[in-house]
file input_7.json (JSON, C-alpha atoms)
[["chain", "number", "residue", "atom", "x", "y", "z"],
["A", 17, "MET", "CA", -9.89, -1.39, 11.83],
["A", 18, "LYS", "CA", -11.99, -0.63, 8.83],
["A", 19, "GLY", "CA", -13.24, -3.00, 6.17],
["A", 20, "ASP", "CA", -12.49, -0.52, 3.39],
["A", 21, "GLY", "CA", -8.74, -1.07, 3.43],
["A", 22, "GLY", "CA", -7.88, 1.51, 6.13],
["A", 23, "HIS", "CA", -6.06, -0.57, 8.73],
["A", 24, "SER", "CA", -5.00, 0.35, 12.25],
["A", 25, "MET", "CA", -6.76, -1.89, 14.76],
["A", 26, "PRO", "CA", -8.16, -5.45, 14.63],
["A", 27, "VAL", "CA", -11.81, -5.45, 13.60],
["A", 28, "ARG", "CA", -12.60, -8.30, 16.00],
["A", 29, "LYS", "CA", -11.47, -8.67, 19.60],
["A", 30, "ILE", "CA", -8.99, -11.51, 20.05],
["A", 31, "GLY", "CA", -10.44, -14.18, 22.29],
["A", 32, "LEU", "CA", -10.26, -17.86, 23.07],
["A", 33, "CYS", "CA", -10.87, -20.28, 20.22],
["A", 34, "TYR", "CA", -10.33, -23.83, 19.01],
["A", 35, "ARG", "CA", -6.89, -24.95, 20.31],
["A", 36, "SER", "CA", -6.45, -21.41, 21.57],
["A", 37, "VAL", "CA", -3.32, -19.87, 23.01],
["A", 38, "SER", "CA", -3.68, -16.10, 22.79],
["A", 39, "GLY", "CA", -0.62, -13.89, 22.83],
["A", 40, "ARG", "CA", 1.55, -11.55, 20.81],
["A", 41, "VAL", "CA", 4.35, -12.49, 18.41],
["A", 42, "PRO", "CA", 7.14, -9.89, 18.13],
["A", 43, "ILE", "CA", 7.85, -8.88, 14.54],
["A", 44, "GLY", "CA", 11.01, -6.85, 15.11],
["A", 45, "GLN", "CA", 12.52, -3.83, 13.34],
["A", 46, "GLY", "CA", 10.48, -1.47, 15.50],
["A", 47, "ARG", "CA", 7.18, -2.86, 14.24],
["A", 48, "PRO", "CA", 4.37, -3.75, 16.67],
["A", 49, "GLY", "CA", 3.86, -7.39, 17.47],
["A", 50, "VAL", "CA", 0.99, -9.34, 15.94],
["A", 51, "GLN", "CA", -1.79, -10.73, 18.13],
["A", 52, "VAL", "CA", -2.55, -14.44, 17.73],
["A", 53, "GLU", "CA", -5.16, -16.73, 19.21],
["A", 54, "SER", "CA", -3.80, -20.22, 18.56],
["A", 55, "THR", "CA", -0.47, -21.98, 18.42],
["A", 56, "LEU", "CA", -0.95, -22.46, 14.69],
["A", 57, "GLU", "CA", -1.46, -18.72, 14.19],
["A", 58, "ARG", "CA", 1.64, -18.14, 16.31],
["A", 59, "ASP", "CA", 3.69, -20.45, 14.11],
["A", 60, "PHE", "CA", 2.40, -18.80, 10.92],
["A", 61, "ALA", "CA", 3.31, -15.36, 12.29],
["A", 62, "LEU", "CA", 6.78, -16.64, 13.16],
["A", 63, "LEU", "CA", 7.27, -17.79, 9.57],
["A", 64, "CYS", "CA", 6.22, -14.35, 8.35],
["A", 65, "ARG", "CA", 8.67, -12.75, 10.76],
["A", 66, "PHE", "CA", 11.45, -14.95, 9.38],
["A", 67, "ASP", "CA", 10.61, -14.25, 5.72],
["A", 68, "PRO", "CA", 12.72, -11.28, 4.51],
["A", 69, "SER", "CA", 10.19, -10.45, 1.78],
["A", 70, "VAL", "CA", 7.38, -9.83, 4.31],
["A", 71, "VAL", "CA", 7.02, -6.19, 5.30],
["A", 72, "GLY", "CA", 3.81, -6.46, 7.31],
["A", 73, "ILE", "CA", 1.43, -8.89, 8.98],
["A", 74, "GLU", "CA", -1.82, -7.54, 10.38],
["A", 75, "GLU", "CA", -4.24, -9.53, 12.49],
["A", 76, "GLN", "CA", -8.03, -9.44, 11.99],
["A", 77, "PRO", "CA", -7.59, -6.91, 9.15],
["A", 78, "VAL", "CA", -11.09, -6.51, 7.67],
["A", 79, "ARG", "CA", -14.71, -7.42, 8.25],
["A", 80, "ILE", "CA", -16.30, -8.86, 5.11],
["A", 81, "GLU", "CA", -20.07, -8.56, 4.75],
["A", 82, "TYR", "CA", -21.81, -11.15, 2.57],
["A", 83, "ASN", "CA", -25.03, -13.13, 2.16],
["A", 84, "ASP", "CA", -25.10, -16.86, 2.77],
["A", 85, "ALA", "CA", -26.79, -19.44, 0.54],
["A", 86, "ASP", "CA", -30.15, -18.62, 2.17],
["A", 87, "GLY", "CA", -29.74, -14.90, 1.60],
["A", 88, "ARG", "CA", -29.04, -14.08, 5.25],
["A", 89, "ALA", "CA", -26.57, -11.30, 6.03],
["A", 90, "ARG", "CA", -23.30, -12.59, 7.44],
["A", 91, "SER", "CA", -19.90, -11.18, 8.28],
["A", 92, "TYR", "CA", -16.47, -12.78, 8.32],
["A", 93, "VAL", "CA", -13.10, -11.61, 9.65],
["A", 94, "PRO", "CA", -10.04, -13.37, 8.17],
["A", 95, "ASP", "CA", -7.06, -13.93, 10.44],
["A", 96, "PHE", "CA", -4.26, -11.99, 8.74],
["A", 97, "LEU", "CA", -3.26, -9.68, 5.93],
["A", 98, "VAL", "CA", 0.36, -10.27, 4.86],
["A", 99, "THR", "CA", 2.11, -7.68, 2.69],
["A", 100, "TYR", "CA", 5.35, -8.07, 0.77],
["A", 101, "ARG", "CA", 8.29, -5.92, -0.25],
["A", 102, "GLY", "CA", 7.66, -4.22, -3.57],
["A", 103, "GLY", "CA", 4.09, -5.53, -3.68],
["A", 104, "ARG", "CA", 5.17, -8.91, -5.06],
["A", 105, "PRO", "CA", 3.62, -11.28, -4.46],
["A", 106, "VAL", "CA", 0.34, -9.45, -3.98],
["A", 107, "PRO", "CA", -0.91, -9.13, -0.39],
["A", 108, "ARG", "CA", -2.35, -12.32, 1.06],
["A", 109, "LEU", "CA", -5.59, -12.35, 3.03],
["A", 110, "VAL", "CA", -5.11, -15.45, 5.17],
["A", 111, "GLU", "CA", -7.33, -17.77, 7.18],
["A", 112, "ILE", "CA", -5.55, -20.20, 9.51],
["A", 113, "LYS", "CA", -7.32, -23.49, 10.18],
["A", 114, "TYR", "CA", -6.37, -26.95, 11.31],
["A", 115, "SER", "CA", -7.09, -29.45, 8.55],
["A", 116, "THR", "CA", -9.11, -31.47, 11.09],
["A", 117, "ASP", "CA", -11.46, -28.60, 11.91],
["A", 118, "PRO", "CA", -14.98, -30.11, 11.66],
["A", 119, "MET", "CA", -16.44, -26.95, 10.10],
["A", 120, "LEU", "CA", -13.73, -26.96, 7.44],
["A", 121, "ILE", "CA", -14.25, -30.63, 6.65],
["A", 122, "SER", "CA", -18.05, -30.28, 6.46],
["A", 123, "GLY", "CA", -17.89, -27.36, 4.04],
["A", 124, "GLN", "CA", -19.65, -24.97, 6.43],
["A", 125, "LEU", "CA", -16.96, -22.36, 5.79],
["A", 126, "ASP", "CA", -17.17, -22.43, 2.00],
["A", 127, "GLY", "CA", -19.50, -19.42, 1.81],
["A", 128, "ARG", "CA", -17.27, -17.13, 3.85],
["A", 129, "PHE", "CA", -14.21, -18.27, 1.91],
["A", 130, "ALA", "CA", -15.93, -17.49, -1.40],
["A", 131, "ALA", "CA", -16.77, -14.04, -0.06],
["A", 132, "ALA", "CA", -13.15, -13.55, 1.00],
["A", 133, "ARG", "CA", -11.86, -14.54, -2.43],
["A", 134, "ALA", "CA", -14.19, -12.04, -4.08],
["A", 135, "TYR", "CA", -13.20, -9.34, -1.58],
["A", 136, "GLY", "CA", -9.54, -10.04, -2.23],
["A", 137, "ARG", "CA", -9.96, -9.73, -5.98],
["A", 138, "ARG", "CA", -11.63, -6.34, -5.56],
["A", 139, "HIS", "CA", -8.69, -5.07, -3.51],
["A", 140, "GLY", "CA", -5.86, -6.65, -5.46],
["A", 141, "TRP", "CA", -5.24, -9.28, -2.79],
["A", 142, "ARG", "CA", -5.27, -13.06, -2.82],
["A", 143, "PHE", "CA", -7.26, -15.05, -0.26],
["A", 144, "GLU", "CA", -5.58, -18.18, 1.02],
["A", 145, "LEU", "CA", -6.51, -20.92, 3.47],
["A", 146, "VAL", "CA", -3.43, -22.12, 5.37],
["A", 147, "THR", "CA", -3.36, -25.27, 7.51],
["A", 148, "GLU", "CA", -0.75, -26.94, 9.68],
["A", 149, "ARG", "CA", 0.40, -28.83, 6.59],
["A", 150, "GLU", "CA", 1.84, -25.61, 5.15],
["A", 151, "VAL", "CA", 3.01, -24.18, 8.48],
["A", 152, "ARG", "CA", 4.50, -27.00, 10.54],
["A", 153, "THR", "CA", 7.36, -27.88, 8.26],
["A", 154, "PRO", "CA", 11.16, -28.05, 8.51],
["A", 155, "ARG", "CA", 11.22, -24.35, 7.59],
["A", 156, "LEU", "CA", 9.31, -23.53, 10.78],
["A", 157, "GLU", "CA", 11.78, -25.56, 12.86],
["A", 158, "ASN", "CA", 14.67, -23.80, 11.14],
["A", 159, "ALA", "CA", 13.10, -20.38, 11.63],
["A", 160, "THR", "CA", 12.55, -21.09, 15.33],
["A", 161, "PHE", "CA", 16.21, -22.05, 15.69],
["A", 162, "LEU", "CA", 17.64, -19.20, 13.60],
["A", 163, "LEU", "CA", 15.60, -16.18, 14.69],
["A", 164, "PRO", "CA", 17.45, -15.77, 18.02],
["A", 165, "PHE", "CA", 20.68, -15.39, 16.01],
["A", 166, "ARG", "CA", 19.32, -12.62, 13.80],
["A", 167, "GLY", "CA", 20.79, -9.26, 14.71],
["A", 168, "ARG", "CA", 23.65, -10.66, 16.75],
["A", 169, "SER", "CA", 26.96, -8.91, 16.29],
["A", 170, "ILE", "CA", 29.76, -10.82, 14.55],
["A", 171, "ALA", "CA", 33.39, -9.79, 14.76],
["A", 172, "ALA", "CA", 34.43, -8.28, 11.44],
["A", 173, "GLY", "CA", 37.29, -10.75, 11.13],
["A", 174, "LEU", "CA", 34.98, -13.73, 11.55],
["A", 175, "ARG", "CA", 32.43, -12.41, 9.07],
["A", 176, "GLU", "CA", 35.13, -11.78, 6.48],
["A", 177, "GLY", "CA", 36.73, -15.14, 7.19],
["A", 178, "LEU", "CA", 33.46, -16.95, 6.51],
["A", 179, "ARG", "CA", 32.92, -14.96, 3.33],
["A", 180, "ALA", "CA", 36.46, -15.65, 2.11],
["A", 181, "VAL", "CA", 36.20, -19.41, 2.58],
["A", 182, "LEU", "CA", 32.82, -19.59, 0.86],
["A", 183, "GLN", "CA", 33.95, -17.37, -2.03],
["A", 184, "LYS", "CA", 36.90, -19.54, -2.93],
["A", 185, "GLY", "CA", 35.07, -22.86, -3.07],
["A", 186, "GLY", "CA", 31.76, -24.54, -3.75],
["A", 187, "PRO", "CA", 29.14, -25.66, -1.25],
["A", 188, "GLN", "CA", 30.45, -27.22, 1.92],
["A", 189, "SER", "CA", 28.98, -28.53, 5.12],
["A", 190, "VAL", "CA", 28.45, -26.34, 8.15],
["A", 191, "VAL", "CA", 30.98, -28.35, 10.14],
["A", 192, "SER", "CA", 33.69, -28.18, 7.49],
["A", 193, "LEU", "CA", 33.17, -24.43, 7.09],
["A", 194, "ALA", "CA", 33.36, -23.92, 10.84],
["A", 195, "ASP", "CA", 36.51, -26.01, 11.17],
["A", 196, "GLU", "CA", 38.30, -24.36, 8.25],
["A", 197, "VAL", "CA", 37.56, -20.85, 9.49],
["A", 198, "ALA", "CA", 38.39, -21.78, 13.07],
["A", 199, "GLU", "CA", 41.80, -23.07, 11.99],
["A", 200, "ALA", "CA", 42.49, -19.99, 9.86],
["A", 201, "LEU", "CA", 41.57, -17.54, 12.62],
["A", 202, "GLY", "CA", 42.86, -19.45, 15.61],
["A", 203, "LEU", "CA", 39.38, -19.98, 17.01],
["A", 204, "SER", "CA", 37.41, -23.01, 18.16],
["A", 205, "ARG", "CA", 34.43, -24.51, 16.37],
["A", 206, "PRO", "CA", 32.00, -23.32, 19.10],
["A", 207, "GLU", "CA", 33.29, -19.78, 18.60],
["A", 208, "VAL", "CA", 32.67, -19.90, 14.84],
["A", 209, "LEU", "CA", 29.28, -21.63, 14.71],
["A", 210, "PRO", "CA", 27.20, -18.71, 16.08],
["A", 211, "GLY", "CA", 28.63, -16.52, 13.32],
["A", 212, "ILE", "CA", 27.55, -19.05, 10.70],
["A", 213, "TRP", "CA", 24.03, -19.27, 12.11],
["A", 214, "THR", "CA", 23.78, -15.48, 12.32],
["A", 215, "MET", "CA", 24.73, -15.11, 8.66],
["A", 216, "VAL", "CA", 22.24, -17.83, 7.73],
["A", 217, "ALA", "CA", 19.53, -16.03, 9.74],
["A", 218, "GLU", "CA", 20.41, -12.82, 7.87],
["A", 219, "PHE", "CA", 20.29, -14.66, 4.51],
["A", 220, "LYS", "CA", 23.95, -13.81, 3.91],
["A", 221, "ILE", "CA", 24.80, -17.51, 3.85],
["A", 222, "ALA", "CA", 22.45, -19.68, 1.79],
["A", 223, "VAL", "CA", 21.18, -23.11, 2.80],
["A", 224, "ASP", "CA", 18.13, -25.20, 1.94],
["A", 225, "LEU", "CA", 15.74, -24.03, 4.64],
["A", 226, "ASP", "CA", 13.07, -26.52, 3.61],
["A", 227, "ARG", "CA", 15.20, -29.36, 4.97],
["A", 228, "PRO", "CA", 16.22, -29.81, 8.61],
["A", 229, "LEU", "CA", 19.39, -27.89, 9.46],
["A", 230, "THR", "CA", 22.25, -30.08, 10.64],
["A", 231, "MET", "CA", 26.01, -29.80, 10.90],
["A", 232, "GLY", "CA", 26.07, -31.62, 7.58],
["A", 233, "SER", "CA", 23.83, -29.12, 5.77],
["A", 234, "LEU", "CA", 25.50, -27.65, 2.69],
["A", 235, "VAL", "CA", 25.97, -23.88, 2.71],
["A", 236, "THR", "CA", 27.09, -21.33, 0.12],
["A", 237, "LEU", "CA", 27.51, -17.58, 0.01],
["A", 238, "ALA", "CA", 24.15, -15.98, -0.77],
["A", 239, "LYS", "CA", 24.02, -14.48, -4.26],
["A", 240, "GLU", "CA", 23.41, -10.93, -3.13],
["A", 241, "THR", "CA", 26.55, -11.01, -0.98],
["A", 242, "ARG", "CA", 28.85, -12.11, -3.79],
["A", 243, "PRO", "CA", 31.26, -9.47, -5.15]]
call {"tool": "encode", "arguments": {"input": "input_7.json", "output": "structure tokens"}}
result
Amino acid sequence: MKGDGGHSMPVRKIGLCYRSVSGRVPIGQGRPGVQVESTLERDFALLCRFDPSVVGIEEQPVRIEYNDADGRARSYVPDFLVTYRGGRPVPRLVEIKYSTDPMLISGQLDGRFAAARAYGRRHGWRFELVTEREVRTPRLENATFLLPFRGRSIAAGLREGLRAVLQKGGPQSVVSLADEVAEALGLSRPEVLPGIWTMVAEFKIAVDLDRPLTMGSLVTLAKETRP
């Protein structure tokens, strides 16, 4: 991969690193998976996969050349470039670090981060440092639970039944929605729940994804699915 914005291959070979677990995270929709080299990078990539506004995540996207405080030539390769539908927000050039990383705490990485911010500005990107505090949240737990439901088929009658119940009333809990639809369609709760989770995973049913999902979570019909 080139440092001039032409991207096709990582500019640095993926290897073992601090808290390393190398592997590939599938992105779906026919797109190639993204290579990661730590569990934290894996979790960040999973969040990007779950986010419907993300259209691309590219590992080791560019090599940034810069001079350190002593004038010595250095190079730095950020972890990811994340791009979004419609170009908004602007692409994010991302470095993933644990907040306890000694080099981060000591300020040894400040020079490379300053170079990355300047590089991002020149290319219309935004550089961002992301730690486990932003990644390992209830949203990650919810994404991990919901992603296996994405793309599952739902019987047309069940999908329309869920829509009809949500259209006629305000927010209601997952369990009450499941029970009402089950009674209306002659189904059981376990038969209805996968349909609810699939529609949540598709963002057809809205719920607060920044709080842990439970049977008591309040759900509504997503705005874009309303008539």
call {"tool": "closest_residue", "arguments": {"input": "input_7.json", "among": "A:Gly72, A:Pro154, A:Pro94, A:Gly173", "to": "A:Glu57", "atoms": "all atoms listed in the file"}}
result
A:Pro94
call {"tool": "atom_distance", "arguments": {"input": "input_7.json", "atom1": "atom CA of A:Val223", "atom2": "atom CA of A:Thr55"}}
result
26.7 Å
call {"tool": "residues_around", "arguments": {"input": "input_7.json", "residues": "A:Arg101", "least_positions_apart": "2", "cutoff": "6 Å", "atoms": "only C-alpha atoms", "output": "list in words"}}
result
Ser69, Val71 and Gly103 of chain A
call {"tool": "closest_residue", "arguments": {"input": "input_7.json", "among": "A:Lys184, A:Arg205, A:Arg137, A:Lys113", "to": "A:Glu150", "atoms": "all atoms listed in the file"}}
result
A:Lys113
call {"tool": "residues_around", "arguments": {"input": "input_7.json", "residues": "A:Leu63", "least_positions_apart": "4", "cutoff": "8 Å", "atoms": "only C-alpha atoms", "output": "JSON, numbers by chain"}}
result
{"A": [59, 67, 151, 155, 156, 159]}
call {"tool": "write_last_selection", "arguments": {"input": "input_7.json", "atoms": "C-alpha atoms", "output": "PDB file, in the frame of the given file"}}
result
ATOM      1  CA  ASP A  59       3.690 -20.450  14.110  1.00  0.00           C
ATOM      2  CA  ASP A  67      10.610 -14.250   5.720  1.00  0.00           C
ATOM      3  CA  VAL A 151       3.010 -24.180   8.480  1.00  0.00           C
ATOM      4  CA  ARG A 155      11.220 -24.350   7.590  1.00  0.00           C
ATOM      5  CA  LEU A 156       9.310 -23.530  10.780  1.00  0.00           C
ATOM      6  CA  ALA A 159      13.100 -20.380  11.630  1.00  0.00           C
TER       7      ALA A 159
END
call {"tool": "residues_around", "arguments": {"input": "input_7.json", "residues": "stretch 118-123 of chain A", "least_positions_apart": "4", "cutoff": "12 Å", "atoms": "only C-alpha atoms", "output": "VMD selection string"}}
result
chain A and resid 34 111 to 114 127 to 130 145 to 147
call {"tool": "atom_distance", "arguments": {"input": "input_7.json", "atom1": "atom CA of A:Asn158", "atom2": "atom CA of A:Ile221"}}
result
14.0 Å
call {"tool": "atom_distance", "arguments": {"input": "input_7.json", "atom1": "atom CA of A:Glu196", "atom2": "atom CA of A:Leu178"}}
result
9.0 Å
call {"tool": "build_atoms", "arguments": {"input": "input_7.json", "residues": "stretch 121-132 of chain A", "atoms": "N, CA and C atoms", "output": "PDB file, in the frame of the given file"}}
result
ATOM      1  N   ILE A 121     -14.010 -29.351   7.318  1.00  0.00           N
ATOM      2  CA  ILE A 121     -14.250 -30.630   6.650  1.00  0.00           C
ATOM      3  C   ILE A 121     -15.676 -30.704   6.100  1.00  0.00           C
ATOM      4  N   SER A 122     -16.641 -30.182   6.855  1.00  0.00           N
ATOM      5  CA  SER A 122     -18.050 -30.280   6.460  1.00  0.00           C
ATOM      6  C   SER A 122     -18.431 -29.311   5.347  1.00  0.00           C
ATOM      7  N   GLY A 123     -17.574 -28.350   5.061  1.00  0.00           N
ATOM      8  CA  GLY A 123     -17.890 -27.360   4.040  1.00  0.00           C
ATOM      9  C   GLY A 123     -18.679 -26.171   4.548  1.00  0.00           C
ATOM     10  N   GLN A 124     -18.868 -26.074   5.876  1.00  0.00           N
ATOM     11  CA  GLN A 124     -19.650 -24.970   6.430  1.00  0.00           C
ATOM     12  C   GLN A 124     -18.984 -23.607   6.224  1.00  0.00           C
ATOM     13  N   LEU A 125     -17.695 -23.620   5.949  1.00  0.00           N
ATOM     14  CA  LEU A 125     -16.960 -22.360   5.790  1.00  0.00           C
ATOM     15  C   LEU A 125     -16.825 -21.930   4.337  1.00  0.00           C
ATOM     16  N   ASP A 126     -17.366 -22.722   3.421  1.00  0.00           N
ATOM     17  CA  ASP A 126     -17.170 -22.430   2.000  1.00  0.00           C
ATOM     18  C   ASP A 126     -17.731 -21.065   1.601  1.00  0.00           C
ATOM     19  N   GLY A 127     -18.876 -20.690   2.165  1.00  0.00           N
ATOM     20  CA  GLY A 127     -19.500 -19.420   1.810  1.00  0.00           C
ATOM     21  C   GLY A 127     -18.634 -18.231   2.197  1.00  0.00           C
ATOM     22  N   ARG A 128     -18.101 -18.266   3.407  1.00  0.00           N
ATOM     23  CA  ARG A 128     -17.270 -17.130   3.850  1.00  0.00           C
ATOM     24  C   ARG A 128     -15.962 -17.075   3.063  1.00  0.00           C
ATOM     25  N   PHE A 129     -15.444 -18.258   2.686  1.00  0.00           N
ATOM     26  CA  PHE A 129     -14.210 -18.270   1.910  1.00  0.00           C
ATOM     27  C   PHE A 129     -14.437 -17.717   0.503  1.00  0.00           C
ATOM     28  N   ALA A 130     -15.593 -18.043  -0.075  1.00  0.00           N
ATOM     29  CA  ALA A 130     -15.930 -17.490  -1.400  1.00  0.00           C
ATOM     30  C   ALA A 130     -16.047 -15.973  -1.320  1.00  0.00           C
ATOM     31  N   ALA A 131     -16.655 -15.487  -0.244  1.00  0.00           N
ATOM     32  CA  ALA A 131     -16.770 -14.040  -0.060  1.00  0.00           C
ATOM     33  C   ALA A 131     -15.399 -13.397   0.098  1.00  0.00           C
ATOM     34  N   ALA A 132     -14.500 -14.081   0.802  1.00  0.00           N
ATOM     35  CA  ALA A 132     -13.150 -13.550   1.000  1.00  0.00           C
ATOM     36  C   ALA A 132     -12.366 -13.517  -0.303  1.00  0.00           C
TER      37      ALA A 132
END
